[in-house]
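Some notes on the structure that comes next.
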Amino acid sequence: MSDSKVSRRAAFGTGSIAAAMLMAAPGTAFAAENAGAAAADEAAEGQIVVIGRGEEIDLATMRGPLIDAPQTINVVNREILDDRQATTLADALRNVAGVTTAVGEGGTVNGDQFFIRGQAARDDIFTDGLRDFGAFTRDAFNYESVQVLKGSSSTALGRGVSGGAINTQSKRALAEDRFSFNVAGGTDDYLRGTADANLALSDSSGLRLNIMGHTADTADRDSVYSNRFGFAAAAGFGIGNDTNFDLIFFHQDEDKRVDYGVPIIRTSDTTDIERPAPEFGVPRSNFYGFAADRDKVTVNTLTARFAHQANDWISLTSDTKVGVYTRQFRQTPTSCNDACGDALLDGDPLTVPMVSASARGLQDQTTRGIQNVSTALIEKSLGELRNELIVGWDVSYQTNKRSDTQRPASSVSRPLLNPSAVDAPVYPTAIYRLRDAEATDISLFVDERLWVTPQLSINAGVRYQHFKSSQDTTDLTDSRGEALTSCNGATGSFTSCFTRAEASSDLWSPKASIIWEPSDNASMYLSYSKAAVPPGNSLSNGSLSTPAENGGISGNDLDPETTETFDLGLKLNLFGDKLLVQTAIYQIDRNNAREVDPVTNVTVVSSEPKQRLRGFELGASGAVSADLLLTLNYSYVDAEITEAFTRSGDLDTDAIGRQVRYVPKHSASLWAAYKPVEGSLKGLEIGVGGNYQSKVFLNSQNSQVAPSYVAVDGLLAYDFGKYRIAINGYNLTNKLYYSQVNSSRVVPAAGRSFLASFGVSF
């Protein structure tokens, strides 16, 4: 390891209470209490309190400080999670501009469904560098930090990852005794408790237990609630030594009411820009589902992380994860058609606009997965040139079993303004469809960084990946319980119908970067990378396409969708390496896969149109002064459709030049915390922040839109000794906006709410 890298890491850590804060970090809301005592100690030594500035990338396939990486990486550290009382991954990502959230659709259930730089990232969520196989709402109680890697990262992380990836870093066991506890209560029946206990077994081993209990309704949303329980047990051996081993067992239960939001108002006027129902005076609290709607999830994962420093130039890692995710899910998508919208807007109070509520059957799903990522890092000069080489493999196997019960006999018509006036339908209990899917993923990768001069280096890598997926589907009836009248192209009467879909892809994901580091606190880079999304990529989120009949082709037969990304970026450490500034301009070219069906002569295309996205990002995080911590992110994206096809396979010339759906042109996030480290105000904390997002188009025709918004949050807290009290306020202006979007409906964000918390640590 070079002297420059060592000095940079040391400079980040000097004068920081990051280690104390992060090691003592309790569950959501109370780790910041530890800052009270720790900050007092640091202030007594005249040092600036800085959180997480020395944090490195927590991936075996990417090493080193953030400033060294040739791509934008936003980190939401434990202190920000605690200050803003973030309870879920979605809450944490509100601190990162350029990330949007979608409502699930079709085969995609609505857990965590994120977009990064305009590209779907629902399958690009990782924990400790290993893929998270399930679809669920992730609680943040066991997060040390959340890292968002922007730009294609397929060389490091595998298939997909076309717009970026989300990696959550788990709390690990420590070699010291610590305990923290927090309880928080607030409006809308909010109640949450967390505890974090660490026991040192020796000076290099320890045990850690984190526990969380959570129950809450949602402000200004009728009938929406969430109940969660979780714990994470960790054991660490060889802590701080050349050879170390960590075990982390994670468990989470959740039982909540599915919120599929409010409908987009359509009208018979084809020139209308369609908007969500609350924009026309419909109460945002209206719930259009039924009491039977539910999302019940159980997650159990076991992660083993091994690292060994063989000598001064080679280190080895081997990380393995096993996960089982069970889920019962039922939802009610609701739509407001032309007649509904016309009735709402005709000015006649006697006209009752009616929505169509399509109640669904119960999806019962079990996802299992296992993955191993093993690497060797070789830091050995080539002659006089400094050199770093990472080689390794990434192997995983995943299964997904799902059954669907029959839907009610027909959709339910309900008043738009008073949906609770109509009773729920009768839900059949018979199963109409069984699915059994599996996927195998085998990858080999290599990543080389060579310093031509002490300031100029070249980074290049490639991943080869063989991905194969299959799905067996058995239909017993149609979705509403009627007898089957067709099967695999044949017509007649059938008691069941079996189909098998398969897809196999060989993927190459290259990258190349030129990096110039004129000093230890500055880095510039120019990068190129390529990513691919193969058919069947979303095993737990969706399904393979139905095989085509009579020798035709389906989406399973298409080549993988590909994206090419160009990045030009700059990173600076300012104020004595206390503030990290990142900025980048980029271009993403997304090429959809298409092929003409030889039987129907219709063009079969992949799910999204061909796109070109050009953007700019700016971020700053760290300490502006001894008393002021700042996290600021801004993102601009010009996302344009360059080619699209209609459902019949014809070229859609009208779509060319339109904006890509779900991608705001402008977005920004801010969190500023004032924390005096000396004087009469020491212990006080005042935080203010919020989010801005410009309008978002909800379909490729750009005829549906969710308006822009600004939402403001605040914090008032006081640390005294081992204790901390805090009051948080959210959406203080009670702004109407939408936290999840879809082409037919949106989910209103929670209205104004408050919570108070009390924590203790020792």
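Convention: chains lettered A, B, ... in structure tokens order; per-chain residue numbering from 1; ligands numbered from 1 as shown.
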
*Just the strand (DSSP E) stuff from region 495-694 of chain A, please, per backbone DSSP, written as an NGL selection string.*
:A and (497-519 or 522-533 or 561-574 or 579-591 or 594-596 or 603-605 or 610-623 or 628-643 or 666-674 or 684-693)

For those residues, write C-alpha atoms to a file as a tab-separated table (two decimals), in the first residue's frame.
```tsv
chain	number	residue	atom	x	y	z
A	497	CYS	CA	-51.86	-26.17	-18.33
A	498	PHE	CA	-48.11	-26.44	-17.85
A	499	THR	CA	-45.59	-24.11	-19.50
A	500	ARG	CA	-41.85	-23.84	-19.09
A	501	ALA	CA	-39.92	-20.65	-19.82
A	502	GLU	CA	-36.13	-20.51	-20.03
A	503	ALA	CA	-33.50	-17.90	-20.72
A	504	SER	CA	-29.72	-18.11	-20.83
A	505	SER	CA	-27.27	-15.24	-21.29
A	506	ASP	CA	-23.52	-14.78	-21.45
A	507	LEU	CA	-22.69	-11.27	-20.30
A	508	TRP	CA	-19.51	-9.24	-20.64
A	509	SER	CA	-19.29	-6.12	-18.46
A	510	PRO	CA	-16.16	-4.05	-19.11
A	511	LYS	CA	-15.03	-0.77	-17.58
A	512	ALA	CA	-12.11	1.59	-18.07
A	513	SER	CA	-11.06	4.76	-16.23
A	514	ILE	CA	-8.30	7.33	-16.31
A	515	ILE	CA	-7.71	8.86	-12.87
A	516	TRP	CA	-5.60	11.91	-12.08
A	517	GLU	CA	-4.77	12.71	-8.45
A	518	PRO	CA	-2.81	15.98	-8.35
A	519	SER	CA	-2.76	15.82	-4.54
A	522	ALA	CA	-8.17	15.84	-5.10
A	523	SER	CA	-9.11	13.33	-7.75
A	524	MET	CA	-10.38	13.64	-11.34
A	525	TYR	CA	-11.55	10.76	-13.53
A	526	LEU	CA	-12.95	9.85	-16.92
A	527	SER	CA	-14.76	6.51	-17.01
A	528	TYR	CA	-16.52	4.20	-19.44
A	529	SER	CA	-18.58	1.19	-18.36
A	530	LYS	CA	-21.09	-1.22	-19.80
A	531	ALA	CA	-23.87	-3.16	-18.06
A	532	ALA	CA	-26.42	-5.75	-19.17
A	533	VAL	CA	-29.85	-6.80	-17.87
A	561	GLU	CA	-30.68	-4.96	-22.54
A	562	THR	CA	-27.42	-3.01	-22.39
A	563	THR	CA	-26.36	0.37	-21.10
A	564	GLU	CA	-23.17	2.28	-21.80
A	565	THR	CA	-22.13	4.98	-19.34
A	566	PHE	CA	-19.58	7.77	-19.69
A	567	ASP	CA	-18.59	9.68	-16.53
A	568	LEU	CA	-16.36	12.72	-16.04
A	569	GLY	CA	-15.94	13.56	-12.37
A	570	LEU	CA	-14.06	15.55	-9.73
A	571	LYS	CA	-13.66	14.88	-6.00
A	572	LEU	CA	-12.17	17.24	-3.42
A	573	ASN	CA	-11.48	17.04	0.30
A	574	LEU	CA	-11.83	20.52	1.76
A	579	LEU	CA	-15.68	18.04	3.77
A	580	LEU	CA	-15.90	15.73	0.75
A	581	VAL	CA	-17.19	17.36	-2.45
A	582	GLN	CA	-18.13	15.27	-5.49
A	583	THR	CA	-19.32	16.41	-8.89
A	584	ALA	CA	-19.78	14.60	-12.19
A	585	ILE	CA	-21.31	14.88	-15.62
A	586	TYR	CA	-22.43	11.70	-17.35
A	587	GLN	CA	-24.20	10.15	-20.30
A	588	ILE	CA	-26.11	6.85	-20.30
A	589	ASP	CA	-27.14	5.16	-23.54
A	590	ARG	CA	-29.70	2.43	-22.95
A	591	ASN	CA	-30.23	0.04	-25.83
A	594	ARG	CA	-35.68	-6.12	-30.07
A	595	GLU	CA	-36.27	-8.79	-32.69
A	596	VAL	CA	-38.90	-9.50	-35.36
A	603	THR	CA	-41.33	-6.57	-33.52
A	604	VAL	CA	-40.83	-7.94	-30.00
A	605	VAL	CA	-39.06	-5.46	-27.73
A	610	LYS	CA	-34.25	3.11	-26.05
A	611	GLN	CA	-32.95	6.04	-23.98
A	612	ARG	CA	-30.22	8.63	-23.71
A	613	LEU	CA	-29.71	10.28	-20.34
A	614	ARG	CA	-27.34	13.20	-19.78
A	615	GLY	CA	-26.86	14.48	-16.28
A	616	PHE	CA	-24.92	16.50	-13.74
A	617	GLU	CA	-24.44	15.73	-10.06
A	618	LEU	CA	-23.01	17.74	-7.18
A	619	GLY	CA	-22.66	16.64	-3.59
A	620	ALA	CA	-20.97	17.74	-0.39
A	621	SER	CA	-20.81	15.93	2.94
A	622	GLY	CA	-18.88	16.54	6.12
A	623	ALA	CA	-18.00	19.42	8.43
A	628	LEU	CA	-21.82	22.70	11.48
A	629	LEU	CA	-22.25	19.38	9.63
A	630	LEU	CA	-23.66	19.40	6.11
A	631	THR	CA	-24.96	16.89	3.59
A	632	LEU	CA	-26.07	18.38	0.28
A	633	ASN	CA	-26.83	16.64	-3.02
A	634	TYR	CA	-28.17	17.94	-6.33
A	635	SER	CA	-28.95	16.03	-9.52
A	636	TYR	CA	-29.93	17.17	-13.01
A	637	VAL	CA	-30.96	14.61	-15.64
A	638	ASP	CA	-32.12	15.16	-19.20
A	639	ALA	CA	-33.62	11.73	-19.92
A	640	GLU	CA	-34.83	11.36	-23.50
A	641	ILE	CA	-36.46	8.53	-25.42
A	642	THR	CA	-34.55	7.87	-28.65
A	643	GLU	CA	-36.54	4.89	-29.96
A	666	HIS	CA	-34.03	18.33	-11.00
A	667	SER	CA	-33.76	16.87	-7.52
A	668	ALA	CA	-31.96	17.95	-4.38
A	669	SER	CA	-31.58	16.88	-0.76
A	670	LEU	CA	-30.20	18.82	2.20
A	671	TRP	CA	-29.45	18.12	5.83
A	672	ALA	CA	-27.60	20.65	8.02
A	673	ALA	CA	-26.96	20.10	11.72
A	674	TYR	CA	-25.69	22.79	14.10
A	684	LEU	CA	-27.67	21.34	21.77
A	685	GLU	CA	-28.40	20.16	18.24
A	686	ILE	CA	-30.57	21.94	15.68
A	687	GLY	CA	-31.12	20.23	12.35
A	688	VAL	CA	-32.98	21.34	9.27
A	689	GLY	CA	-33.27	19.79	5.85
A	690	GLY	CA	-35.55	18.67	3.15
A	691	ASN	CA	-36.04	17.45	-0.38
A	692	TYR	CA	-36.85	19.07	-3.71
A	693	GLN	CA	-37.98	17.27	-6.84
```

_Contacts of Ser708 (chain A) at 9 Å (only C-alpha atoms; same-chain gap of 3+ positions) as an MDAnalysis selection string_ = chainID A and resid 664 692:696 737

Expected file contents, prior selection, C-alpha atoms, as a PDB file, in the first residue's frame:
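Heads up, here's the output in selection-v3.pdb:
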```pdb
ATOM      1  CA  PRO A 664     -37.191  14.156 -12.492  1.00  0.00           C
ATOM      2  CA  TYR A 692     -36.850  19.065  -3.706  1.00  0.00           C
ATOM      3  CA  GLN A 693     -37.983  17.275  -6.843  1.00  0.00           C
ATOM      4  CA  SER A 694     -39.216  18.686 -10.130  1.00  0.00           C
ATOM      5  CA  LYS A 695     -42.226  17.223 -11.892  1.00  0.00           C
ATOM      6  CA  VAL A 696     -42.094  13.576 -12.962  1.00  0.00           C
ATOM      7  CA  TYR A 737     -46.531  15.300  -2.787  1.00  0.00           C
TER       8      TYR A 737
END
```

*Excluding same-chain residues fewer than 2 positions from Ala232 (chain A), what lies within 12 Å of it counting only C-alpha atoms, as a ChimeraX atom specification?*
/A:26-27,139-143,170-173,194-198,207-212,229-230,234-235,247-252,299-303

For the residues in that selection, give me C-alpha atoms as a short mmCIF file (atom, residue, chain, number, x, y, z; two decimals), in the first residue's frame.
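Heads up, here's the output in out-v1.cif:
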```cif
data_model
loop_
_atom_site.label_atom_id
_atom_site.label_comp_id
_atom_site.auth_asym_id
_atom_site.auth_seq_id
_atom_site.Cartn_x
_atom_site.Cartn_y
_atom_site.Cartn_z
CA PRO A 26 -27.70 1.91 18.39
CA GLY A 27 -30.86 1.26 16.44
CA ASP A 139 -35.75 -1.62 8.07
CA ALA A 140 -32.65 0.45 8.85
CA PHE A 141 -32.07 -0.63 12.46
CA ASN A 142 -28.98 -2.69 11.65
CA TYR A 143 -27.36 -0.26 9.19
CA SER A 170 -24.34 -3.99 8.58
CA LYS A 171 -23.29 -3.40 12.16
CA ARG A 172 -20.51 -5.79 13.09
CA ALA A 173 -19.35 -7.10 16.44
CA THR A 194 -34.34 -0.21 19.61
CA ALA A 195 -31.46 -1.66 21.59
CA ASP A 196 -27.82 -2.29 20.71
CA ALA A 197 -25.60 -4.39 22.98
CA ASN A 198 -21.98 -5.36 22.34
CA LEU A 207 -20.67 -10.45 20.23
CA ARG A 208 -23.32 -7.91 19.25
CA LEU A 209 -27.11 -7.90 19.32
CA ASN A 210 -29.44 -5.30 17.81
CA ILE A 211 -33.20 -5.46 18.42
CA MET A 212 -36.01 -3.40 16.90
CA PHE A 229 -39.94 -6.65 14.56
CA GLY A 230 -36.32 -7.51 13.93
CA ALA A 234 -23.23 -10.69 15.09
CA ALA A 235 -20.03 -12.41 16.15
CA LEU A 247 -20.96 -13.86 11.27
CA ILE A 248 -24.18 -11.84 11.02
CA PHE A 249 -27.65 -13.34 11.39
CA PHE A 250 -30.50 -11.01 10.42
CA HIS A 251 -34.21 -11.49 11.07
CA GLN A 252 -37.11 -9.20 10.20
CA VAL A 299 -36.71 -12.51 6.29
CA ASN A 300 -33.86 -14.64 7.63
CA THR A 301 -30.30 -14.26 6.35
CA LEU A 302 -26.92 -15.51 7.51
CA THR A 303 -23.77 -13.78 6.28
#
```

*Within region 256-472 of chain A, find each residue whose DSSP state, derived from the backbone, is alpha helix (DSSP H), and express the selection as a PyMOL selection string.*
chain A and resi 338-345

Writing out the chosen residues with N, CA and C atoms as a tab-separated table (two decimals), in the first residue's frame:
```tsv
chain	number	residue	atom	x	y	z
A	338	ASP	N	-61.90	7.39	-18.24
A	338	ASP	CA	-62.39	8.65	-18.80
A	338	ASP	C	-63.72	9.08	-18.19
A	339	ALA	N	-64.63	8.13	-18.02
A	339	ALA	CA	-65.94	8.47	-17.46
A	339	ALA	C	-65.82	8.96	-16.03
A	340	CYS	N	-64.92	8.35	-15.28
A	340	CYS	CA	-64.68	8.75	-13.89
A	340	CYS	C	-64.14	10.18	-13.84
A	341	GLY	N	-63.13	10.46	-14.66
A	341	GLY	CA	-62.55	11.80	-14.67
A	341	GLY	C	-63.51	12.86	-15.16
A	342	ASP	N	-64.29	12.54	-16.20
A	342	ASP	CA	-65.27	13.50	-16.71
A	342	ASP	C	-66.30	13.83	-15.64
A	343	ALA	N	-66.73	12.80	-14.88
A	343	ALA	CA	-67.72	13.02	-13.83
A	343	ALA	C	-67.17	13.89	-12.71
A	344	LEU	N	-65.87	13.74	-12.42
A	344	LEU	CA	-65.27	14.54	-11.36
A	344	LEU	C	-65.18	16.01	-11.76
A	345	LEU	N	-64.94	16.27	-13.03
A	345	LEU	CA	-64.63	17.62	-13.47
A	345	LEU	C	-65.78	18.31	-14.20
```

_Test item: residues at most 12 Å from Ser411 (chain A), only C-alpha atoms, excluding those fewer than 5 positions along its chain, as a ChimeraX atom specification_ = /A:289,332-335,354-360,424-427,480

*asked:* Can you tell me which residues surround region 746-759 of chain A at a distance of at most 6 Å, considering only C-alpha atoms, apart from same-chain residues fewer than 3 positions away, and format the answer as number ranges by chain?
replied: A: 30, 181-187, 218-220, 261-262, 723-732, 734, 737-742

*Hey, what's within 10 Å of Arg159 (chain A) if we count only C-alpha atoms and toss same-chain stuff fewer than 5 positions away? As a PyMOL selection string, please?*
chain A and resi 123-124+153-154+441+443+463-467+507-509+531-534+537+560

*From the set A:Phe133, A:Phe720, A:Phe445, A:Phe115, which residue has the shortest atom-to-atom contact distance to Thr367 (chain A), counting only C-alpha atoms?*
A:Phe133

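Ranking A:Asp364, A:Asp128, A:Glu79, A:Glu144 by their shortest atom-to-atom distance to Thr326 (chain A), with only C-alpha atoms included, puts A:Asp364 first.
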
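For the pair CA of Val677 (chain A) and CA of Leu174 (chain A), the separation is 26.9 Å.
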
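Straight-line separation from CA of Gln365 (chain A) to CA of Ala165 (chain A): 24.8 Å.
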